[in-house]
$ cat start-v7.txt   # compact mmCIF, C-alpha atoms
# COMPACT_ATOMS: atom_id res chain seq x y z
CA MET A 194 181.63 36.77 29.26
CA LYS A 195 179.19 37.24 26.39
CA GLU A 196 180.67 34.27 24.52
CA TYR A 197 179.54 31.93 27.30
CA LEU A 198 176.49 33.62 28.80
CA ARG A 199 173.33 33.82 26.74
CA LEU A 200 171.68 36.73 28.47
CA GLU A 201 169.02 39.24 27.51
CA PRO A 202 170.31 42.62 26.23
CA GLU A 203 168.56 44.29 29.18
CA THR A 204 170.63 42.17 31.58
CA TRP A 205 173.91 43.24 29.98
CA ASN A 206 172.90 46.89 29.93
CA LEU A 207 171.93 46.83 33.60
CA TYR A 208 175.17 45.07 34.55
CA GLU A 209 177.36 47.57 32.70
CA GLU A 210 175.50 50.46 34.34
CA ALA A 211 175.97 48.88 37.76
CA ILE A 212 179.70 48.29 37.40
CA GLU A 213 180.24 51.87 36.26
CA ASN A 214 178.37 53.28 39.26
CA LEU A 215 179.75 51.01 41.99
CA GLN A 216 183.49 51.71 41.80
CA GLU A 217 183.46 54.08 44.77
CA TRP A 218 181.92 51.40 47.01
CA TYR A 219 184.25 48.70 45.73
CA SER A 220 187.23 50.90 46.57
CA LYS A 221 186.05 51.16 50.19
CA ILE A 222 185.75 47.38 50.40
CA ASP A 223 189.30 46.98 49.08
CA LYS A 224 190.65 49.14 51.91
CA ILE A 225 188.89 47.02 54.54
CA GLN A 226 190.26 43.90 52.86
CA GLU A 227 193.80 45.28 53.04
CA ALA A 228 193.49 46.02 56.76
CA ASN A 229 192.12 42.58 57.60
CA THR A 230 194.73 40.83 55.46
CA ALA A 231 197.45 42.65 57.43
CA LYS A 232 195.77 41.62 60.70
CA VAL A 233 195.73 37.95 59.70
CA LEU A 234 199.32 37.99 58.45
CA ASP A 235 200.47 39.61 61.68
CA ALA A 236 198.89 36.76 63.67
CA PHE A 237 200.55 34.18 61.39
CA TRP A 238 203.94 35.88 61.83
CA LYS A 239 203.72 36.18 65.60
CA ASN A 240 202.71 32.52 65.94
CA HIS A 241 205.51 31.35 63.62
CA ILE A 242 203.12 29.38 61.42
CA SER A 243 205.01 26.78 59.40
CA GLU A 244 204.38 23.65 57.37
CA ALA A 245 204.65 21.65 60.57
CA HIS A 246 201.30 23.13 61.61
CA PHE A 247 199.61 21.42 58.62
CA SER A 248 200.14 18.07 60.34
CA THR A 249 197.21 16.09 61.64
CA THR A 250 196.14 13.94 64.55
CA THR A 251 193.61 11.13 64.93
CA GLY A 252 192.05 9.38 67.88
CA TYR A 253 192.14 11.54 70.99
CA GLY A 254 194.05 14.36 69.31
CA TYR A 255 196.67 14.79 72.02
CA ASN A 256 199.45 17.34 71.39
CA ASP A 257 198.08 18.62 68.07
CA ILE A 258 200.45 21.52 67.43
CA GLY A 259 198.53 22.71 64.37
CA ARG A 260 195.21 22.84 66.19
CA ASP A 261 196.78 24.71 69.10
CA ALA A 262 198.49 27.19 66.76
CA ILE A 263 195.24 27.85 64.91
CA GLU A 264 193.53 28.69 68.20
CA SER A 265 196.35 31.04 69.11
CA VAL A 266 196.04 32.75 65.71
CA TYR A 267 192.27 33.15 66.12
CA ALA A 268 192.68 34.60 69.60
CA MET A 269 195.16 37.14 68.24
CA VAL A 270 193.01 38.08 65.22
CA PHE A 271 190.01 38.69 67.50
CA LYS A 272 192.12 40.26 70.28
CA ALA A 273 190.72 37.65 72.68
CA GLU A 274 192.29 35.80 75.61
CA ASP A 275 191.63 32.37 74.12
CA ALA A 276 189.91 30.54 71.28
CA LEU A 277 188.29 27.20 70.49
CA VAL A 278 188.42 26.39 66.74
CA ARG A 279 187.30 22.86 65.99
CA ASN A 280 186.05 20.62 63.23
CA GLN A 281 184.00 18.88 65.91
CA PHE A 282 181.60 21.85 65.63
CA ILE A 283 179.24 20.83 62.83
CA SER A 284 177.82 24.32 62.30
CA GLY A 285 177.59 27.80 63.73
CA SER A 286 174.38 26.78 65.50
CA HIS A 287 176.21 23.84 67.07
CA ALA A 288 178.96 26.17 68.31
CA LEU A 289 176.30 28.45 69.78
CA SER A 290 174.53 25.50 71.40
CA LYS A 291 177.73 24.22 73.01
CA THR A 292 178.52 27.72 74.25
CA LEU A 293 175.10 28.04 75.87
CA PHE A 294 175.23 24.58 77.45
CA GLY A 295 178.83 25.13 78.54
CA ILE A 296 178.11 28.36 80.42
CA LEU A 297 174.52 28.16 81.64
CA ARG A 298 173.36 26.14 84.65
CA PRO A 299 169.91 25.29 86.10
CA GLY A 300 168.28 28.44 87.43
CA ASP A 301 170.38 30.76 85.25
CA LYS A 302 168.70 33.21 82.91
CA LEU A 303 169.52 33.75 79.23
CA LEU A 304 168.34 37.03 77.71
CA SER A 305 168.30 37.78 73.99
CA ILE A 306 168.31 41.53 73.37
CA SER A 307 168.18 41.32 69.57
CA GLY A 308 164.75 39.75 69.38
CA ARG A 309 164.04 36.11 68.65
CA PRO A 310 167.18 34.19 67.66
CA TYR A 311 167.69 32.27 64.43
CA ASP A 312 165.29 29.37 63.80
CA THR A 313 167.81 26.60 64.50
CA LEU A 314 168.25 27.81 68.10
CA HIS A 315 164.57 27.59 69.01
CA GLN A 316 164.75 23.95 70.12
CA VAL A 317 168.16 24.49 71.71
CA ILE A 318 166.75 27.22 73.97
CA GLY A 319 163.29 25.72 74.43
CA ILE A 320 161.29 28.35 72.55
CA THR A 321 160.03 25.29 70.72
CA ASP A 322 159.61 22.37 73.12
CA ASN A 323 162.38 19.79 73.08
CA PRO A 324 163.33 17.45 75.96
CA SER A 325 167.02 18.24 75.35
CA SER A 326 166.62 22.03 75.45
CA LEU A 327 168.09 24.49 77.93
CA LYS A 328 164.57 24.99 79.25
CA SER A 329 164.30 21.28 80.08
CA PHE A 330 167.43 21.67 82.26
CA GLY A 331 165.92 24.57 84.17
CA VAL A 332 167.53 27.47 82.29
CA GLN A 333 165.19 30.44 82.02
CA TYR A 334 164.87 32.47 78.83
CA ASP A 335 163.56 35.88 77.95
CA GLU A 336 163.91 38.23 74.99
CA ILE A 337 163.65 41.93 74.21
CA ASP A 338 162.82 42.99 70.68
CA LEU A 339 164.70 45.59 68.70
CA VAL A 340 163.09 48.98 68.10
CA ASN A 341 163.68 50.68 64.76
CA ASN A 342 166.55 48.30 64.00
CA ASP A 343 168.36 49.15 67.22
CA PHE A 344 168.52 47.88 70.77
CA ASP A 345 165.70 48.98 73.06
CA GLU A 346 168.12 50.55 75.51
CA LYS A 347 165.49 51.84 77.92
CA LYS A 348 163.74 48.49 78.21
CA ILE A 349 167.07 46.65 78.57
CA GLU A 350 168.13 49.00 81.37
CA GLU A 351 164.83 48.55 83.22
CA TYR A 352 165.02 44.77 82.82
CA LEU A 353 168.58 44.48 84.12
CA LYS A 354 167.87 46.64 87.16
CA THR A 355 165.35 44.10 88.47
CA ASN A 356 166.43 40.76 86.90
CA PRO A 357 169.78 39.02 87.41
CA VAL A 358 170.93 37.68 84.03
CA LYS A 359 173.73 35.14 83.59
CA MET A 360 174.15 35.60 79.85
CA ILE A 361 172.98 38.07 77.21
CA GLU A 362 172.86 36.88 73.62
CA ILE A 363 173.22 39.28 70.70
CA GLN A 364 172.65 38.03 67.17
CA ARG A 365 174.23 40.54 64.82
CA SER A 366 172.94 39.18 61.52
CA ARG A 367 169.26 39.15 60.66
CA GLY A 368 168.55 35.44 60.25
CA TYR A 369 165.26 34.96 58.39
CA SER A 370 163.90 38.31 59.50
CA THR A 371 163.49 41.72 57.87
CA ARG A 372 165.49 43.70 60.42
CA GLU A 373 168.90 45.13 59.61
CA THR A 374 172.19 43.71 60.77
CA LEU A 375 173.55 45.21 63.98
CA SER A 376 176.69 47.29 63.53
CA ILE A 377 179.75 47.03 65.71
CA GLU A 378 179.01 50.56 66.95
CA GLN A 379 175.53 49.53 68.12
CA VAL A 380 176.99 46.48 69.86
CA GLN A 381 179.63 48.59 71.60
CA LYS A 382 177.10 51.08 72.92
CA ILE A 383 174.74 48.46 74.36
CA ILE A 384 177.56 46.46 75.97
CA GLN A 385 178.64 49.61 77.81
CA THR A 386 175.07 49.99 79.09
CA ILE A 387 174.88 46.35 80.18
CA LYS A 388 178.20 46.40 82.02
CA LYS A 389 177.30 49.54 83.98
CA ILE A 390 174.24 47.81 85.43
CA GLN A 391 175.35 44.17 85.63
CA PRO A 392 179.13 43.98 85.10
CA GLN A 393 179.15 40.25 85.86
CA THR A 394 176.71 39.39 83.03
CA ILE A 395 178.35 37.47 80.19
CA VAL A 396 177.73 39.04 76.78
CA MET A 397 177.86 36.52 73.94
CA VAL A 398 177.72 37.70 70.31
CA ASP A 399 176.59 35.50 67.44
CA ASN A 400 178.96 36.88 64.80
CA CYS A 401 177.93 34.68 61.86
CA TYR A 402 178.22 36.44 58.47
CA CYS A 403 179.86 39.51 60.06
CA GLU A 404 183.56 38.67 60.35
CA PHE A 405 185.95 40.87 58.35
CA VAL A 406 183.11 43.01 56.96
CA GLY A 407 184.69 45.81 58.98
CA THR A 408 188.04 46.18 60.70
CA LYS A 409 186.87 45.64 64.30
CA GLU A 410 185.31 42.54 65.94
CA PRO A 411 183.01 42.30 69.02
CA ILE A 412 185.68 41.32 71.57
CA GLU A 413 187.29 44.71 70.91
CA VAL A 414 184.11 46.49 72.02
CA GLY A 415 183.53 44.54 75.24
CA ALA A 416 181.94 41.19 74.31
CA ASP A 417 182.94 38.28 76.56
CA LEU A 418 182.36 35.57 73.94
CA VAL A 419 182.03 35.60 70.15
CA VAL A 420 180.79 32.61 68.16
CA GLY A 421 180.72 31.79 64.46
CA SER A 422 180.90 29.21 61.69
CA LEU A 423 183.85 28.22 59.50
CA ILE A 424 181.70 27.50 56.46
CA LYS A 425 180.87 31.17 56.47
CA ASN A 426 183.32 34.09 56.40
CA LEU A 427 186.39 32.87 58.26
CA GLY A 428 186.69 29.51 56.49
CA GLY A 429 187.49 31.32 53.25
CA GLY A 430 185.69 28.61 51.28
CA LEU A 431 188.35 26.03 52.14
CA ALA A 432 187.22 24.88 55.60
CA GLN A 433 184.96 21.88 55.04
CA ASN A 434 183.18 22.27 58.37
CA GLY A 435 183.79 23.66 61.83
CA GLY A 436 183.10 26.58 64.10
CA TYR A 437 184.87 28.88 66.51
CA VAL A 438 184.38 30.48 69.90
CA VAL A 439 186.70 33.25 71.10
CA GLY A 440 186.72 35.23 74.32
CA LYS A 441 187.74 35.08 77.95
CA LYS A 442 189.85 32.06 78.83
CA LYS A 443 187.67 30.93 81.76
CA TYR A 444 184.61 30.74 79.51
CA ILE A 445 186.43 29.11 76.59
CA GLU A 446 187.48 26.25 78.87
CA LEU A 447 183.86 25.68 79.93
CA VAL A 448 182.74 25.59 76.31
CA ALA A 449 185.59 23.20 75.47
CA GLU A 450 184.48 20.87 78.25
CA ALA A 451 180.92 20.95 76.88
CA LEU A 452 182.27 20.04 73.44
CA THR A 453 184.63 17.28 74.61
CA LEU A 454 184.40 16.27 78.28
CA PRO A 455 185.05 17.74 81.74
CA GLY A 456 188.66 17.53 82.77
CA GLU A 457 190.01 17.33 79.23
CA GLY A 458 188.51 20.33 77.44
CA LYS A 459 190.86 21.78 74.81
CA GLU A 460 193.47 19.05 75.27
CA VAL A 461 191.56 16.56 73.13
CA GLY A 462 189.92 16.66 69.72
CA PRO A 463 191.72 15.32 66.63
CA SER A 464 192.18 17.70 63.70
CA LEU A 465 191.71 14.86 61.15
CA GLY A 466 193.49 16.73 58.38
CA ALA A 467 191.67 20.04 58.83
CA ASN A 468 194.58 22.19 59.99
CA LYS A 469 195.85 23.28 56.57
CA SER A 470 192.38 24.18 55.29
CA PHE A 471 191.61 26.13 58.48
CA LEU A 472 194.84 28.12 58.19
CA GLN A 473 194.66 28.68 54.44
CA GLY A 474 190.95 29.51 54.68
CA LEU A 475 191.62 32.17 57.30
CA PHE A 476 194.46 33.54 55.17
CA LEU A 477 192.06 33.92 52.20
CA ALA A 478 189.07 35.08 54.26
CA PRO A 479 189.58 38.86 53.93
CA GLN A 480 189.64 38.57 50.13
CA VAL A 481 186.68 36.16 50.03
CA VAL A 482 184.60 38.39 52.31
CA ALA A 483 185.43 41.36 50.06
CA SER A 484 184.25 39.36 47.02
CA SER A 485 181.02 38.52 48.86
CA LEU A 486 180.42 42.18 49.69
CA LYS A 487 181.02 43.26 46.10
CA THR A 488 178.59 40.58 44.93
CA ALA A 489 175.97 41.76 47.44
CA ILE A 490 176.31 45.39 46.33
CA LEU A 491 175.97 44.42 42.67
CA THR A 492 172.86 42.38 43.52
CA SER A 493 171.37 45.25 45.48
CA TYR A 494 171.90 47.73 42.66
CA MET A 495 170.47 45.51 39.91
CA LEU A 496 167.44 44.20 41.79
CA GLU A 497 166.49 47.66 43.02
CA LYS A 498 166.58 48.88 39.42
CA LEU A 499 164.21 46.04 38.53
CA GLY A 500 161.70 47.34 41.07
CA TYR A 501 162.26 45.04 44.07
CA GLU A 502 162.85 45.99 47.68
CA VAL A 503 166.45 45.35 48.72
CA ASN A 504 168.19 45.56 52.06
CA PRO A 505 170.78 46.97 52.38
CA ASN A 506 170.74 49.19 49.31
CA TYR A 507 174.01 49.56 47.48
CA GLN A 508 174.93 52.83 49.23
CA SER A 509 174.32 51.57 52.78
CA HIS A 510 176.90 50.80 55.44
CA ARG A 511 177.14 47.01 55.73
CA SER A 512 177.80 44.89 58.79
CA ASP A 513 177.44 41.43 57.24
CA ILE A 514 177.57 39.73 53.84
CA VAL A 515 173.82 39.05 53.60
CA GLN A 516 171.71 40.71 50.91
CA THR A 517 167.93 40.46 50.99
CA ILE A 518 165.49 40.87 48.12
CA THR A 519 161.78 41.07 48.88
CA PHE A 520 159.81 39.62 45.96
CA HIS A 521 156.27 39.69 47.45
CA ASN A 522 155.42 36.54 45.50
CA LYS A 523 156.51 32.93 45.61
CA GLU A 524 157.15 32.63 41.87
CA ASP A 525 159.80 35.37 41.64
CA LEU A 526 161.58 34.04 44.73
CA ILE A 527 161.79 30.58 43.15
CA SER A 528 162.86 32.00 39.77
CA TYR A 529 165.70 34.00 41.28
CA CYS A 530 166.98 31.09 43.37
CA SER A 531 166.79 28.87 40.29
CA GLY A 532 169.01 31.35 38.46
CA ILE A 533 171.59 31.30 41.25
CA GLN A 534 171.64 27.50 41.04
CA LYS A 535 172.10 27.62 37.25
CA GLY A 536 175.09 29.90 37.69
CA SER A 537 176.79 27.72 40.30
CA PRO A 538 179.93 25.68 39.61
CA ILE A 539 178.47 22.54 41.22
CA ASP A 540 175.03 21.05 40.44
CA SER A 541 174.19 23.82 37.97
CA PHE A 542 171.80 21.37 36.28
CA ALA A 543 169.75 20.79 39.44
CA THR A 544 166.25 22.17 39.85
CA THR A 545 165.63 24.12 43.04
CA ILE A 546 162.31 23.47 44.77
CA PRO A 547 160.97 24.36 48.25
CA VAL A 548 161.32 21.51 50.75
CA ASP A 549 160.97 20.82 54.46
CA MET A 550 164.23 21.44 56.34
CA PRO A 551 165.28 20.30 59.84
CA GLY A 552 164.98 23.18 62.31
CA TYR A 553 162.61 25.30 60.18
CA LYS A 554 158.82 25.48 60.48
CA ASP A 555 158.27 26.68 56.89
CA GLN A 556 159.43 25.07 53.69
CA VAL A 557 162.71 26.57 52.50
CA ILE A 558 164.15 26.98 49.02
CA MET A 559 167.93 26.79 48.86
CA ALA A 560 170.20 27.45 45.90
CA ALA A 561 173.77 26.49 46.67
CA GLY A 562 175.93 24.82 44.06
CA ALA A 563 178.84 24.72 46.47
CA PHE A 564 182.06 22.76 46.91
CA VAL A 565 181.19 22.45 50.62
CA GLN A 566 177.64 21.39 51.45
CA GLY A 567 175.74 24.24 53.11
CA SER A 568 178.62 26.69 52.72
CA SER A 569 177.21 30.20 52.75
CA ILE A 570 180.50 31.92 52.00
CA GLU A 571 180.09 30.41 48.55
CA LEU A 572 177.40 32.11 46.49
CA SER A 573 174.08 30.87 47.81
CA CYS A 574 170.52 32.08 48.06
CA ASP A 575 167.70 30.79 50.18
CA GLY A 576 164.50 31.81 51.83
CA PRO A 577 161.45 30.48 53.66
CA ILE A 578 158.30 30.06 51.64
CA ARG A 579 156.29 32.58 53.59
CA GLU A 580 155.19 36.15 53.04
CA PRO A 581 156.67 38.55 52.06
CA TYR A 582 158.83 36.00 50.16
CA ILE A 583 162.32 37.26 50.88
CA ALA A 584 165.47 35.85 49.31
CA PHE A 585 168.55 35.84 51.54
CA GLN A 586 171.67 35.85 49.41
CA GLN A 587 175.21 35.60 50.67
CA GLY A 588 178.70 34.64 49.63
CA GLY A 589 180.91 34.63 46.59
CA LEU A 590 184.36 33.01 46.69
CA THR A 591 185.50 35.20 43.83
CA PHE A 592 183.73 38.26 42.54
CA ASP A 593 184.10 37.20 38.91
CA SER A 594 182.38 33.85 39.45
CA ALA A 595 179.74 35.16 41.85
CA LYS A 596 178.67 38.03 39.61
CA ILE A 597 178.04 35.51 36.82
CA GLY A 598 175.67 33.66 39.14
CA VAL A 599 173.89 36.91 39.94
CA LEU A 600 173.66 37.84 36.25
CA ILE A 601 172.02 34.52 35.42
CA ALA A 602 169.56 34.95 38.31
CA VAL A 603 168.76 38.53 37.25
CA ASN A 604 168.29 37.25 33.70
CA GLU A 605 165.67 34.79 34.93
CA ILE A 606 163.74 37.70 36.45
CA ILE A 607 164.07 39.85 33.34
CA LYS A 608 162.84 37.01 31.12
CA LYS A 609 159.90 36.50 33.46
CA GLN A 610 159.08 40.21 33.37
CA LYS A 611 159.18 40.11 29.57
CA GLY A 612 156.88 37.11 29.55
CA GLY A 613 159.52 34.72 28.28
CA GLU A 614 160.22 31.15 29.23
$ encode --input "start-v7.txt" --output "structure tokens"
Amino acid sequence: MKEYLRLEPETWNLYEEAIENLQEWYSKIDKIQEANTAKVLDAFWKNHISEAHFSTTTGYGYNDIGRDAIESVYAMVFKAEDALVRNQFISGSHALSKTLFGILRPGDKLLSISGRPYDTLHQVIGITDNPSSLKSFGVQYDEIDLVNNDFDEKKIEEYLKTNPVKMIEIQRSRGYSTRETLSIEQVQKIIQTIKKIQPQTIVMVDNCYCEFVGTKEPIEVGADLVVGSLIKNLGGGLAQNGGYVVGKKKYIELVAEALTLPGEGKEVGPSLGANKSFLQGLFLAPQVVASSLKTAILTSYMLEKLGYEVNPNYQSHRSDIVQTITFHNKEDLISYCSGIQKGSPIDSFATTIPVDMPGYKDQVIMAAGAFVQGSSIELSCDGPIREPYIAFQQGGLTFDSAKIGVLIAVNEIIKKQKGGE
């Protein structure tokens, strides 16, 4: 790499130290990758996936055998009754929104037990006023904060004993917050508590950034619905858009009718050429997620050595692909994101600056030289311009390419610390 990367000697030394000390953790990631690859292949085999499933439909999308096969594969991978996997979902937030509007009715109550949801859901729910929100349709909302990065089990129990709740929402990943990602073990324990008190309550898990990080998914521990994005983990970098919902068949049909129209549900929705990329992306996803995890661990090690707060640290158990770095000043946050942009395959020449973004109340800086716009399974780094100035890094299609991006970003910080330009 030295022939092509003009980096400070300190950057090279830190990188070589990191690689030498991280092999144990990389070996653990490889074993998870192997298990998830076998899981995906098993679903492909049992569904007899063939070239015929790469075909496409237009218009109404009737009788799309590829689309239907993909949904059967997803259901099998997640061990769910049914799945909805569509390019009509424009994002993970859109899939979440359609799930909420598909299930909830006027007078129902939605309860978040992982604190305040991600920023882009605030207007969907009505936390921020919007005439199209759930709140405007008479859906009630409440939330219970986490305590010490875990569910407040006592408060949740007390709440459920006196308040009928139609749906409980759990956001596993942190969003733009400082709390840790919720593990599958934590999710399992709290679902058991919920079902003992209100067995009829629907538990929906926002699984964005978490798929294939471990070997077990939320349906396997009692969740009724699981929602995510295809331009994150499961798209493998090949899906150009889309989202998924998996879970109980009766709920999937309601979500499908919210996405398309009542009476037609899953029967319509053209694939428009997406079937091959959805299948191939899922096939590659275990390897891509492993590359993202290795990139995150390398980042954690190097930035901690440079004196910054990182979460998780390189030795921690991980439940998603997100790595945070707390810079405590705006300048270092911008410098690091600029380095990620410089190391990207696309738009490496672009200058990253904080800008206003739809759905966010603070300006956000985003570094993402990606083949798919907004793809956060490709190496990307972003953060709101607010204290304590945290960078949220995720992705890495291949470890070799992603680590180069990280090295260039680290080099920007080292040059700044040395007083260089």
$ closest_residue --input "start-v7.txt" --among "A:Leu215, A:Val414, A:Val406, A:Leu472" --to "A:Ala236" --atoms "all atoms listed in the file"
A:Leu472
$ closest_residue --input "start-v7.txt" --among "A:Tyr444, A:Tyr507, A:Tyr494, A:Tyr501" --to "A:Asp275" --atoms "all atoms listed in the file"
A:Tyr444
$ residues_around --input "start-v7.txt" --residues "stretch 539-556 of chain A" --least-positions-apart "6" --cutoff "8 Å" --atoms "all atoms listed in the file" --output "ChimeraX atom specification"
/A:312-313,316,527,530-531,562-564,577-579
$ residues_near_point --input "start-v7.txt" --point "(191.2, 36.6, 69.2)" --cutoff "12 Å" --atoms "only C-alpha atoms" --output "ChimeraX atom specification"
/A:232-233,236,263-278,404,409-413,416-420,437-442,445
$ closest_residue --input "start-v7.txt" --among "A:Ser329, A:Gln379, A:Asn356, A:Ser220" --to "A:Asp343" --atoms "all atoms listed in the file"
A:Gln379
$ residues_around --input "start-v7.txt" --residues "A:Ile607" --least-positions-apart "3" --cutoff "9 Å" --atoms "only C-alpha atoms" --output "list in words"
Glu201, Glu203, Thr204, Leu499, Ala602, Val603, Asn604, Gln610, Lys611, Gly612 and Gly613 of chain A
$ closest_residue --input "start-v7.txt" --among "A:Ser307, A:Ser243, A:Asn342, A:Asn504" --to "A:Gln473" --atoms "all atoms listed in the file"
A:Ser243
$ closest_residue --input "start-v7.txt" --among "A:Ser326, A:Gln586, A:Thr394, A:Gln508" --to "A:Glu217" --atoms "only C-alpha atoms"
A:Gln508
$ atom_distance --input "start-v7.txt" --atom1 "atom CA of A:Asp338" --atom2 "atom CA of A:Ser305"
8.3 Å
$ atom_distance --input "start-v7.txt" --atom1 "atom CA of A:Phe294" --atom2 "atom CA of A:Gly415"
21.7 Å
$ atom_distance --input "start-v7.txt" --atom1 "atom CA of A:Asp399" --atom2 "atom CA of A:Gln364"
4.7 Å
$ closest_residue --input "start-v7.txt" --among "A:Ser573, A:Thr371, A:Pro299, A:Ser284" --to "A:Pro505" --atoms "all atoms listed in the file"
A:Thr371
$ axis_aligned_box --input "start-v7.txt" --around "stretch 546-552 of chain A" --padding-each-side "3 Å" --output "JSON"
{"center_x": 163.1, "center_y": 22.3, "center_z": 53.5, "size_x": 10.3, "size_y": 10.1, "size_z": 23.5}
$ decode --input "start-v7.txt" --residues "stretch 570-583 of chain A" --atoms "N, CA and C atoms" --output "PDB file, in the first residue's frame"
ATOM      1  N   ILE A 570     -23.659   0.382   4.268  1.00  0.00           N
ATOM      2  CA  ILE A 570     -22.858  -0.838   4.339  1.00  0.00           C
ATOM      3  C   ILE A 570     -21.549  -0.606   3.595  1.00  0.00           C
ATOM      4  N   GLU A 571     -21.499   0.426   2.769  1.00  0.00           N
ATOM      5  CA  GLU A 571     -20.228   0.893   2.229  1.00  0.00           C
ATOM      6  C   GLU A 571     -19.605   1.811   3.282  1.00  0.00           C
ATOM      7  N   LEU A 572     -18.274   1.914   3.274  1.00  0.00           N
ATOM      8  CA  LEU A 572     -17.621   2.718   4.299  1.00  0.00           C
ATOM      9  C   LEU A 572     -18.163   4.137   4.280  1.00  0.00           C
ATOM     10  N   SER A 573     -18.699   4.560   5.403  1.00  0.00           N
ATOM     11  CA  SER A 573     -19.246   5.907   5.518  1.00  0.00           C
ATOM     12  C   SER A 573     -19.057   6.393   6.947  1.00  0.00           C
ATOM     13  N   CYS A 574     -19.123   7.685   7.104  1.00  0.00           N
ATOM     14  CA  CYS A 574     -18.949   8.283   8.428  1.00  0.00           C
ATOM     15  C   CYS A 574     -19.743   9.567   8.475  1.00  0.00           C
ATOM     16  N   ASP A 575     -20.514   9.737   9.509  1.00  0.00           N
ATOM     17  CA  ASP A 575     -21.345  10.927   9.602  1.00  0.00           C
ATOM     18  C   ASP A 575     -21.571  11.268  11.058  1.00  0.00           C
ATOM     19  N   GLY A 576     -22.119  12.431  11.278  1.00  0.00           N
ATOM     20  CA  GLY A 576     -22.428  12.837  12.639  1.00  0.00           C
ATOM     21  C   GLY A 576     -23.077  14.199  12.675  1.00  0.00           C
ATOM     22  N   PRO A 577     -23.947  14.422  13.655  1.00  0.00           N
ATOM     23  CA  PRO A 577     -24.567  15.741  13.814  1.00  0.00           C
ATOM     24  C   PRO A 577     -23.562  16.730  14.396  1.00  0.00           C
ATOM     25  N   ILE A 578     -23.684  17.956  13.970  1.00  0.00           N
ATOM     26  CA  ILE A 578     -22.793  19.002  14.480  1.00  0.00           C
ATOM     27  C   ILE A 578     -23.377  19.525  15.786  1.00  0.00           C
ATOM     28  N   ARG A 579     -23.176  18.736  16.812  1.00  0.00           N
ATOM     29  CA  ARG A 579     -23.597  19.103  18.156  1.00  0.00           C
ATOM     30  C   ARG A 579     -22.696  18.380  19.149  1.00  0.00           C
ATOM     31  N   GLU A 580     -22.565  18.977  20.321  1.00  0.00           N
ATOM     32  CA  GLU A 580     -21.720  18.367  21.344  1.00  0.00           C
ATOM     33  C   GLU A 580     -22.273  16.999  21.730  1.00  0.00           C
ATOM     34  N   PRO A 581     -21.388  16.017  21.988  1.00  0.00           N
ATOM     35  CA  PRO A 581     -19.927  16.104  22.119  1.00  0.00           C
ATOM     36  C   PRO A 581     -19.177  15.805  20.819  1.00  0.00           C
ATOM     37  N   TYR A 582     -19.799  16.034  19.671  1.00  0.00           N
ATOM     38  CA  TYR A 582     -19.176  15.882  18.356  1.00  0.00           C
ATOM     39  C   TYR A 582     -18.701  14.450  18.126  1.00  0.00           C
ATOM     40  N   ILE A 583     -19.687  13.595  17.912  1.00  0.00           N
ATOM     41  CA  ILE A 583     -19.440  12.167  17.736  1.00  0.00           C
ATOM     42  C   ILE A 583     -19.530  11.804  16.258  1.00  0.00           C
TER      43      ILE A 583
END
